[in-house]
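Visitor: My structure file query25.pdb, PDB, C-alpha atoms, is below:
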```pdb
MODEL        1
ATOM      1  CA  MET O   1      13.471  23.589   7.575
ATOM      2  CA  GLU O   2      15.939  20.727   7.969
ATOM      3  CA  GLN O   3      15.494  18.245  10.779
ATOM      4  CA  GLU O   4      18.340  16.483  12.522
ATOM      5  CA  LYS O   5      18.315  12.754  11.768
ATOM      6  CA  HIS O   6      19.167  10.300  14.524
ATOM      7  CA  PRO O   7      20.575   6.874  13.399
ATOM      8  CA  PHE O   8      17.696   5.099  15.175
ATOM      9  CA  ASP O   9      15.031   7.143  13.353
ATOM     10  CA  PRO O  10      13.175   5.348  10.537
ATOM     11  CA  PRO O  11      13.296   6.812   6.992
ATOM     12  CA  GLY O  12      11.237  10.009   7.012
ATOM     13  CA  GLY O  13      11.547  10.589  10.755
ATOM     14  CA  MET O  14       9.930   9.320  13.908
ATOM     15  CA  MET O  15       6.780  11.461  13.850
ATOM     16  CA  ILE O  16       5.362  10.210  10.537
ATOM     17  CA  TRP O  17       6.145   6.632  11.540
ATOM     18  CA  LEU O  18       4.072   6.968  14.688
ATOM     19  CA  PHE O  19       1.108   7.774  12.455
ATOM     20  CA  ILE O  20       2.036   4.990  10.027
ATOM     21  CA  TRP O  21       2.150   2.441  12.849
ATOM     22  CA  MET O  22      -1.171   3.590  14.224
ATOM     23  CA  GLU O  23      -2.770   3.191  10.798
ATOM     24  CA  LEU O  24      -1.148  -0.191  10.162
ATOM     25  CA  LEU O  25      -2.394  -1.487  13.511
ATOM     26  CA  VAL O  26      -5.934  -0.244  12.820
ATOM     27  CA  PHE O  27      -5.978  -1.850   9.361
ATOM     28  CA  GLY O  28      -4.358  -5.038  10.691
ATOM     29  CA  ALA O  29      -7.065  -5.368  13.355
ATOM     30  CA  ALA O  30      -9.763  -4.684  10.739
ATOM     31  CA  PHE O  31      -8.345  -7.395   8.421
ATOM     32  CA  LEU O  32      -8.350  -9.970  11.196
ATOM     33  CA  THR O  33     -11.894  -8.990  12.191
ATOM     34  CA  PHE O  34     -12.942  -9.353   8.544
ATOM     35  CA  ALA O  35     -11.453 -12.871   8.438
ATOM     36  CA  TYR O  36     -13.112 -13.778  11.736
ATOM     37  CA  ILE O  37     -16.579 -12.605  10.638
ATOM     38  CA  ARG O  38     -16.069 -14.230   7.234
ATOM     39  CA  LYS O  39     -15.564 -17.572   8.929
ATOM     40  CA  SER O  40     -18.910 -17.337  10.738
ATOM     41  CA  GLU O  41     -20.790 -15.974   7.679
ATOM     42  CA  TYR O  42     -18.872 -17.875   5.028
ATOM     43  CA  SER O  43     -21.633 -18.345   2.440
ATOM     44  CA  VAL O  44     -22.712 -14.671   2.663
ATOM     45  CA  PHE O  45     -19.130 -13.480   2.104
ATOM     46  CA  VAL O  46     -18.439 -15.880  -0.781
ATOM     47  CA  GLU O  47     -21.688 -14.921  -2.523
ATOM     48  CA  ALA O  48     -21.164 -11.174  -1.960
ATOM     49  CA  GLN O  49     -17.582 -11.316  -3.190
ATOM     50  CA  LYS O  50     -18.856 -12.418  -6.620
ATOM     51  CA  HIS O  51     -20.319  -8.912  -7.043
ATOM     52  CA  LEU O  52     -16.859  -7.326  -6.917
ATOM     53  CA  ASN O  53     -15.082  -6.546 -10.153
ATOM     54  CA  GLN O  54     -11.698  -8.263  -9.816
ATOM     55  CA  SER O  55     -10.362  -6.565 -12.956
ATOM     56  CA  LEU O  56     -10.961  -3.134 -11.439
ATOM     57  CA  GLY O  57      -9.190  -4.312  -8.298
ATOM     58  CA  LEU O  58      -6.268  -5.513 -10.416
ATOM     59  CA  GLY O  59      -6.160  -2.163 -12.251
ATOM     60  CA  ASN O  60      -6.169  -0.293  -8.953
ATOM     61  CA  THR O  61      -3.332  -2.458  -7.633
ATOM     62  CA  ILE O  62      -1.195  -1.838 -10.711
ATOM     63  CA  LEU O  63      -1.835   1.920 -10.522
ATOM     64  CA  LEU O  64      -0.954   2.147  -6.834
ATOM     65  CA  LEU O  65       2.163  -0.043  -7.083
ATOM     66  CA  THR O  66       3.428   1.950 -10.076
ATOM     67  CA  SER O  67       2.699   5.190  -8.253
ATOM     68  CA  GLY O  68       4.687   3.916  -5.252
ATOM     69  CA  PHE O  69       7.569   3.026  -7.577
ATOM     70  CA  ALA O  70       7.518   6.527  -9.108
ATOM     71  CA  ILE O  71       7.618   8.113  -5.637
ATOM     72  CA  ALA O  72      10.496   5.815  -4.599
ATOM     73  CA  VAL O  73      12.483   6.878  -7.692
ATOM     74  CA  ALA O  74      11.600  10.541  -7.037
ATOM     75  CA  ASN O  75      13.208  10.123  -3.602
ATOM     76  CA  LYS O  76      16.397   8.782  -5.168
ATOM     77  CA  ARG O  77      16.498  11.701  -7.614
ATOM     78  CA  TYR O  78      15.898  14.046  -4.685
ATOM     79  CA  GLU O  79      18.949  12.605  -2.913
ATOM     80  CA  ASP O  80      20.948  13.109  -6.134
ATOM     81  CA  HIS O  81      19.944  16.823  -6.125
ATOM     82  CA  ASN O  82      18.206  16.314  -9.454
ATOM     83  CA  LYS O  83      15.283  18.677  -9.065
ATOM     84  CA  ARG O  84      13.862  18.295 -12.570
ATOM     85  CA  GLN O  85      13.610  14.487 -12.457
ATOM     86  CA  THR O  86      12.432  14.572  -8.838
ATOM     87  CA  LEU O  87       9.472  16.667  -9.925
ATOM     88  CA  GLN O  88       8.842  14.535 -13.027
ATOM     89  CA  PHE O  89       8.616  11.311 -11.033
ATOM     90  CA  LEU O  90       6.742  13.014  -8.216
ATOM     91  CA  TRP O  91       4.047  14.355 -10.537
ATOM     92  CA  GLY O  92       3.947  10.958 -12.283
ATOM     93  CA  GLY O  93       3.263   9.316  -8.923
ATOM     94  CA  ILE O  94       0.612  11.903  -8.082
ATOM     95  CA  GLY O  95      -1.068  11.331 -11.463
ATOM     96  CA  LEU O  96      -1.188   7.561 -10.941
ATOM     97  CA  GLY O  97      -2.502   8.038  -7.403
ATOM     98  CA  THR O  98      -5.250  10.286  -8.763
ATOM     99  CA  ALA O  99      -6.076   7.646 -11.381
ATOM    100  CA  PHE O 100      -6.413   5.127  -8.529
ATOM    101  CA  LEU O 101      -9.060   7.315  -6.882
ATOM    102  CA  VAL O 102     -10.870   7.860 -10.201
ATOM    103  CA  LEU O 103     -11.004   4.089 -10.798
ATOM    104  CA  LYS O 104     -12.172   3.580  -7.222
ATOM    105  CA  SER O 105     -14.958   6.123  -7.843
ATOM    106  CA  VAL O 106     -16.034   4.163 -10.946
ATOM    107  CA  GLU O 107     -16.202   1.009  -8.837
ATOM    108  CA  TYR O 108     -18.139   2.808  -6.102
ATOM    109  CA  SER O 109     -20.669   4.174  -8.595
ATOM    110  CA  GLN O 110     -21.209   0.637  -9.971
ATOM    111  CA  LYS O 111     -21.835  -0.670  -6.472
ATOM    112  CA  ILE O 112     -24.217   2.161  -5.584
ATOM    113  CA  THR O 113     -26.147   1.662  -8.852
ATOM    114  CA  LYS O 114     -26.598  -2.016  -7.968
ATOM    115  CA  GLY O 115     -27.689  -1.085  -4.437
ATOM    116  CA  LEU O 116     -24.651  -2.773  -2.882
ATOM    117  CA  THR O 117     -24.080  -0.269  -0.112
ATOM    118  CA  THR O 118     -23.518  -0.485   3.623
ATOM    119  CA  GLY O 119     -26.294  -2.439   5.277
ATOM    120  CA  THR O 120     -26.559  -4.896   2.363
ATOM    121  CA  ASN O 121     -24.653  -7.522   4.345
ATOM    122  CA  ALA O 122     -21.555  -7.845   6.544
ATOM    123  CA  PHE O 123     -19.259  -8.262   3.530
ATOM    124  CA  PHE O 124     -20.305  -4.962   1.996
ATOM    125  CA  ASP O 125     -20.100  -3.253   5.376
ATOM    126  CA  PHE O 126     -16.436  -4.284   5.456
ATOM    127  CA  TYR O 127     -15.948  -3.496   1.778
ATOM    128  CA  TRP O 128     -17.117   0.103   2.195
ATOM    129  CA  LEU O 129     -15.436   0.648   5.541
ATOM    130  CA  LEU O 130     -12.045  -0.709   4.492
ATOM    131  CA  THR O 131     -11.857   0.693   0.959
ATOM    132  CA  ALA O 132     -13.254   4.132   1.881
ATOM    133  CA  PHE O 133     -10.901   4.391   4.866
ATOM    134  CA  HIS O 134      -8.023   3.409   2.586
ATOM    135  CA  ALA O 135      -9.136   5.901  -0.085
ATOM    136  CA  ALA O 136      -9.158   8.634   2.588
ATOM    137  CA  HIS O 137      -5.526   7.769   3.360
ATOM    138  CA  VAL O 138      -4.688   7.926  -0.347
ATOM    139  CA  LEU O 139      -6.325  11.356  -0.517
ATOM    140  CA  VAL O 140      -4.271  12.588   2.448
ATOM    141  CA  GLY O 141      -1.156  11.154   0.755
ATOM    142  CA  LEU O 142      -1.959  13.002  -2.461
ATOM    143  CA  VAL O 143      -2.368  16.298  -0.586
ATOM    144  CA  LEU O 144       1.018  15.745   1.098
ATOM    145  CA  LEU O 145       2.706  14.894  -2.212
ATOM    146  CA  VAL O 146       1.212  17.885  -4.062
ATOM    147  CA  TYR O 147       2.385  20.115  -1.212
ATOM    148  CA  MET O 148       5.877  18.555  -1.477
ATOM    149  CA  ALA O 149       5.927  19.086  -5.255
ATOM    150  CA  HIS O 150       5.206  22.797  -4.767
ATOM    151  CA  LYS O 151       7.724  23.012  -1.935
ATOM    152  CA  ILE O 152      10.462  21.341  -3.987
ATOM    153  CA  ARG O 153       9.677  23.509  -7.021
ATOM    154  CA  ARG O 154       9.963  26.708  -4.969
ATOM    155  CA  ASP O 155      12.903  25.709  -2.719
ATOM    156  CA  LYS O 156      16.091  27.651  -3.411
ATOM    157  CA  PRO O 157      18.654  26.345  -2.771
ATOM    158  CA  PHE O 158      17.399  22.816  -3.339
ATOM    159  CA  SER O 159      17.916  20.857  -0.126
ATOM    160  CA  SER O 160      18.001  17.082  -0.176
ATOM    161  CA  GLU O 161      18.413  16.810   3.608
ATOM    162  CA  ASP O 162      14.834  17.779   4.318
ATOM    163  CA  LEU O 163      13.017  14.819   5.891
ATOM    164  CA  SER O 164       9.523  15.987   5.009
ATOM    165  CA  PHE O 165       9.637  14.564   1.471
ATOM    166  CA  LYS O 166      10.781  11.180   2.750
ATOM    167  CA  GLY O 167       8.089  11.346   5.426
ATOM    168  CA  SER O 168       5.363  12.120   2.877
ATOM    169  CA  SER O 169       6.671   9.295   0.697
ATOM    170  CA  ALA O 170       6.602   6.892   3.653
ATOM    171  CA  TRP O 171       2.924   7.766   4.132
ATOM    172  CA  TRP O 172       2.290   7.059   0.445
ATOM    173  CA  HIS O 173       4.011   3.686   0.653
ATOM    174  CA  MET O 174       1.910   2.873   3.726
ATOM    175  CA  CYS O 175      -1.151   3.182   1.444
ATOM    176  CA  ASP O 176       0.561   0.613  -0.829
ATOM    177  CA  LEU O 177       1.228  -1.707   2.111
ATOM    178  CA  VAL O 178      -2.407  -1.642   3.188
ATOM    179  CA  TRP O 179      -3.673  -2.162  -0.352
ATOM    180  CA  VAL O 180      -1.486  -5.223  -1.076
ATOM    181  CA  LEU O 181      -3.216  -6.969   1.843
ATOM    182  CA  LEU O 182      -6.647  -5.481   1.169
ATOM    183  CA  PHE O 183      -6.780  -6.508  -2.510
ATOM    184  CA  PRO O 184      -6.425 -10.290  -2.049
ATOM    185  CA  LEU O 185      -8.545 -10.251   1.109
ATOM    186  CA  LEU O 186     -11.558  -8.515  -0.448
ATOM    187  CA  TYR O 187     -11.300  -9.485  -4.123
ATOM    188  CA  LEU O 188      -9.491 -12.822  -4.337
ATOM    189  CA  TRP O 189      -9.882 -14.562  -0.981
TER     190      TRP O 189
ATOM    191  CA  MET D   1      24.176  -0.640   4.654
ATOM    192  CA  LYS D   2      24.366   0.066   0.920
ATOM    193  CA  PRO D   3      21.474   2.314  -0.173
ATOM    194  CA  THR D   4      18.826   0.825  -2.447
ATOM    195  CA  SER D   5      19.589   1.581  -6.096
ATOM    196  CA  ILE D   6      17.033   2.570  -8.709
ATOM    197  CA  LEU D   7      17.795  -0.725 -10.492
ATOM    198  CA  THR D   8      16.786  -2.625  -7.345
ATOM    199  CA  GLN D   9      13.641  -0.534  -7.051
ATOM    200  CA  THR D  10      12.790  -1.212 -10.700
ATOM    201  CA  THR D  11      13.304  -4.950 -10.193
ATOM    202  CA  THR D  12      11.116  -4.772  -7.069
ATOM    203  CA  TRP D  13       8.376  -2.951  -8.992
ATOM    204  CA  LEU D  14       8.417  -5.581 -11.774
ATOM    205  CA  ALA D  15       8.307  -8.370  -9.176
ATOM    206  CA  LEU D  16       5.360  -6.658  -7.454
ATOM    207  CA  LEU D  17       3.440  -6.472 -10.732
ATOM    208  CA  CYS D  18       4.317 -10.094 -11.498
ATOM    209  CA  PHE D  19       3.133 -11.293  -8.047
ATOM    210  CA  THR D  20      -0.081  -9.286  -8.442
ATOM    211  CA  CYS D  21      -0.832 -10.860 -11.828
ATOM    212  CA  VAL D  22      -0.048 -14.359 -10.526
ATOM    213  CA  SER D  23      -2.461 -13.807  -7.586
ATOM    214  CA  PHE D  24      -5.154 -12.488  -9.919
ATOM    215  CA  PHE D  25      -4.898 -15.264 -12.495
ATOM    216  CA  PHE D  26      -4.616 -17.975  -9.846
ATOM    217  CA  ALA D  27      -7.798 -16.736  -8.117
ATOM    218  CA  ASP D  28      -9.506 -16.339 -11.498
ATOM    219  CA  GLN D  29      -8.606 -19.866 -12.645
ATOM    220  CA  SER D  30      -9.590 -21.561  -9.403
ATOM    221  CA  PRO D  31     -12.822 -19.955  -8.165
ATOM    222  CA  GLN D  32     -13.345 -23.025  -5.963
ATOM    223  CA  ARG D  33     -10.552 -22.448  -3.469
ATOM    224  CA  THR D  34      -8.108 -25.333  -3.116
ATOM    225  CA  ALA D  35      -5.825 -26.122  -0.188
ATOM    226  CA  LEU D  36      -3.107 -24.166  -1.964
ATOM    227  CA  SER D  37      -5.171 -21.007  -2.613
ATOM    228  CA  HIS D  38      -4.919 -19.263   0.744
ATOM    229  CA  PRO D  39      -1.232 -19.962   1.445
ATOM    230  CA  LEU D  40      -0.345 -18.846  -2.094
ATOM    231  CA  LEU D  41      -2.386 -15.624  -1.951
ATOM    232  CA  LEU D  42      -1.105 -14.804   1.527
ATOM    233  CA  GLY D  43       2.485 -15.654   0.610
ATOM    234  CA  LEU D  44       2.410 -13.408  -2.450
ATOM    235  CA  ALA D  45       0.733 -10.581  -0.503
ATOM    236  CA  GLY D  46       3.336 -10.948   2.254
ATOM    237  CA  ALA D  47       6.190 -10.874  -0.267
ATOM    238  CA  LYS D  48       4.725  -7.714  -1.845
ATOM    239  CA  PHE D  49       4.328  -6.100   1.576
ATOM    240  CA  TRP D  50       7.946  -6.823   2.420
ATOM    241  CA  GLY D  51       9.232  -5.663  -0.999
ATOM    242  CA  ILE D  52       7.453  -2.316  -0.653
ATOM    243  CA  SER D  53       8.541  -1.709   2.928
ATOM    244  CA  TYR D  54      12.123  -2.856   2.376
ATOM    245  CA  TYR D  55      12.947  -1.271  -0.979
ATOM    246  CA  PHE D  56      10.411   1.543  -1.504
ATOM    247  CA  MET D  57      10.064   2.743   2.103
ATOM    248  CA  GLU D  58      13.806   2.173   2.513
ATOM    249  CA  LEU D  59      13.412   0.016   5.572
ATOM    250  CA  LYS D  60      16.571  -1.662   4.310
ATOM    251  CA  GLU D  61      18.525   1.385   5.470
ATOM    252  CA  ALA D  62      16.686   1.701   8.790
ATOM    253  CA  HIS D  63      17.729   0.470  12.233
ATOM    254  CA  LEU D  64      17.250  -3.280  12.850
ATOM    255  CA  PHE D  65      14.485  -2.458  15.352
ATOM    256  CA  TRP D  66      12.182  -1.172  12.588
ATOM    257  CA  LYS D  67      12.850  -4.191  10.383
ATOM    258  CA  VAL D  68      12.017  -6.590  13.214
ATOM    259  CA  LEU D  69       8.900  -4.595  14.124
ATOM    260  CA  MET D  70       7.653  -4.650  10.522
ATOM    261  CA  ALA D  71       8.418  -8.378  10.181
ATOM    262  CA  LEU D  72       6.513  -9.091  13.414
ATOM    263  CA  PHE D  73       3.512  -7.090  12.231
ATOM    264  CA  LEU D  74       3.488  -8.822   8.854
ATOM    265  CA  GLY D  75       3.921 -12.245  10.439
ATOM    266  CA  PHE D  76       1.123 -11.592  12.931
ATOM    267  CA  VAL D  77      -1.359 -10.462  10.263
ATOM    268  CA  VAL D  78      -0.476 -13.172   7.715
ATOM    269  CA  VAL D  79      -0.518 -16.006  10.250
ATOM    270  CA  GLY D  80      -3.719 -14.603  11.794
ATOM    271  CA  LEU D  81      -5.421 -14.489   8.393
ATOM    272  CA  TYR D  82      -4.264 -18.022   7.632
ATOM    273  CA  ILE D  83      -5.637 -19.357  10.919
ATOM    274  CA  LEU D  84      -8.942 -17.530  10.415
ATOM    275  CA  ARG D  85      -9.301 -18.476   6.708
TER     276      ARG D  85
ENDMDL
END
```
Would you put the structure from the file into structure tokens?
Guide:
Amino acid sequence: MEQEKHPFDPPGGMMIWLFIWMELLVFGAAFLTFAYIRKSEYSVFVEAQKHLNQSLGLGNTILLLTSGFAIAVANKRYEDHNKRQTLQFLWGGIGLGTAFLVLKSVEYSQKITKGLTTGTNAFFDFYWLLTAFHAAHVLVGLVLLVYMAHKIRRDKPFSSEDLSFKGSSAWWHMCDLVWVLLFPLLYLW
Amino acid sequence: MKPTSILTQTTTWLALLCFTCVSFFFADQSPQRTALSHPLLLGLAGAKFWGISYYFMELKEAHLFWKVLMALFLGFVVVGLYILR
């Protein structure tokens, strides 16, 4: 179904952006709380941060940014009515997003093996809360994108006016936005 | 407003990867944080945030209201993190 787009509406439509803003505000508040607690427990945070694998964090960042790029290009191809390339880039983005979650699982298993779980200290409480909450958003984004890939594959005639793909993509990019702040804060700060 | 081209998006993606690597190597090379560390890491993160929202999320083509709102959010978080560093 095609939605009517108002000039004031953000890309993807108003509804998805209400959710995006809610999530951004929640993450923003969590980041500031992290920084505030870090200041009062500085030595604990600095010591705990040494247990994080920065290379895995870098790998995750590259995967998520490249996935976001693939989804952005898929949107352009969608606007050009190029169904084949839309699906190619869309599945590429989904694959990279899945790889992000696999790499995150590897990191989680390393932390669990070392006993670095919630309750270890305030840093790891934040680490698990923030990264798991973010991973849940990535998972929701992947479900939306897989649904869109099936929808686009089946749609006849191919409609590039449908806002739902742009909305799903906006959600995916929101995961990118959160991660580009989360990565330096947790791994490099 | 002219729509974002794929060339612009590709350039943005390469810049994002470049900024990420600079952040990583800077933090790796200076484990003892200097006065420059936090502003640099925050500046690069802020630039990446803006690049993604402007060129990938197509905020560039959105109403000015959304651009201002996003800039205010980014400014609030980045300045807040800098103050609380």
Visitor: Report as an mmCIF file with C-alpha atoms, in the coordinates of the input the full result of the ChimeraX specification (/D :<7) & /O when it is applied to this structure.
Guide:
```
data_model
loop_
_atom_site.group_PDB
_atom_site.id
_atom_site.type_symbol
_atom_site.label_atom_id
_atom_site.label_comp_id
_atom_site.auth_asym_id
_atom_site.auth_seq_id
_atom_site.Cartn_x
_atom_site.Cartn_y
_atom_site.Cartn_z
ATOM 1 C CA PHE O 8 17.696 5.099 15.175
ATOM 2 C CA PRO O 10 13.175 5.348 10.537
ATOM 3 C CA PRO O 11 13.296 6.812 6.992
ATOM 4 C CA GLY O 28 -4.358 -5.038 10.691
ATOM 5 C CA LEU O 32 -8.350 -9.970 11.196
ATOM 6 C CA ALA O 35 -11.453 -12.871 8.438
ATOM 7 C CA TYR O 36 -13.112 -13.778 11.736
ATOM 8 C CA LYS O 39 -15.564 -17.572 8.929
ATOM 9 C CA ILE O 62 -1.195 -1.838 -10.711
ATOM 10 C CA PHE O 69 7.569 3.026 -7.577
ATOM 11 C CA ALA O 72 10.496 5.815 -4.599
ATOM 12 C CA VAL O 73 12.483 6.878 -7.692
ATOM 13 C CA ALA O 170 6.602 6.892 3.653
ATOM 14 C CA HIS O 173 4.011 3.686 0.653
ATOM 15 C CA LEU O 177 1.228 -1.707 2.111
ATOM 16 C CA VAL O 180 -1.486 -5.223 -1.076
ATOM 17 C CA LEU O 181 -3.216 -6.969 1.843
ATOM 18 C CA PRO O 184 -6.425 -10.290 -2.049
ATOM 19 C CA LEU O 188 -9.491 -12.822 -4.337
#
```
Visitor: Using all atoms listed in the file, find the one residue out of O:Gln49, O:Ser40, O:Ser67, O:Gln54 that sits nearest to Phe123 (chain O).
Guide: O:Gln49
Visitor: Rank O:Gly12, O:Ala136, O:Phe124, O:Ile20 by their smallest atom-to-atom distance to Ser168 (chain O), using only C-alpha atoms, and report the top residue only.
Guide: O:Gly12
Visitor: Under the rule that all atoms listed in the file are counted, which of O:Trp171, O:Tyr147, O:Phe27, O:Phe165 is the nearest residue to His134 (chain O)?
Guide: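 Counting all atoms listed in the file, the residue closest to His134 (chain O) is O:Phe27.
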Visitor: Please indicate the distance in Å from CA of Leu24 (chain O) to CA of Lys2 (chain D), rounded to one decimal place.
Guide: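 Computed distance, CA of Leu24 (chain O) to CA of Lys2 (chain D), equals 27.1 Å.
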Visitor: Can you tell me, as lines of an AutoDock Vina configuration file, the centre and edge lengths (Å, one decimal) of the axis-aligned box enclosing all of region 106-111 of chain O's listed atoms after padding each side by 4 Å?
Guide:
```
center_x = -18.9
center_y = 1.8
center_z = -8.5
size_x = 13.8
size_y = 12.8
size_z = 12.8
```
Visitor: Using only C-alpha atoms, which protein or nucleic acid residues come within 12 Å of Phe45 (chain O)? Drop anything in the same chain fewer than 2 positions from it, and give the result as a ChimeraX atom specification.
Guide: /O:34-43,47-52,120-127,185-189 /D:85
Visitor: Tell me, in Å to one decimal, how far CA of Leu101 (chain O) is from CA of Thr113 (chain O).
Guide: 18.1 Å
Visitor: What does the distance from CA of Lys111 (chain O) to CA of Gly57 (chain O) come to in Å, to one decimal?
Guide: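 Those two atoms sit 13.3 Å apart.
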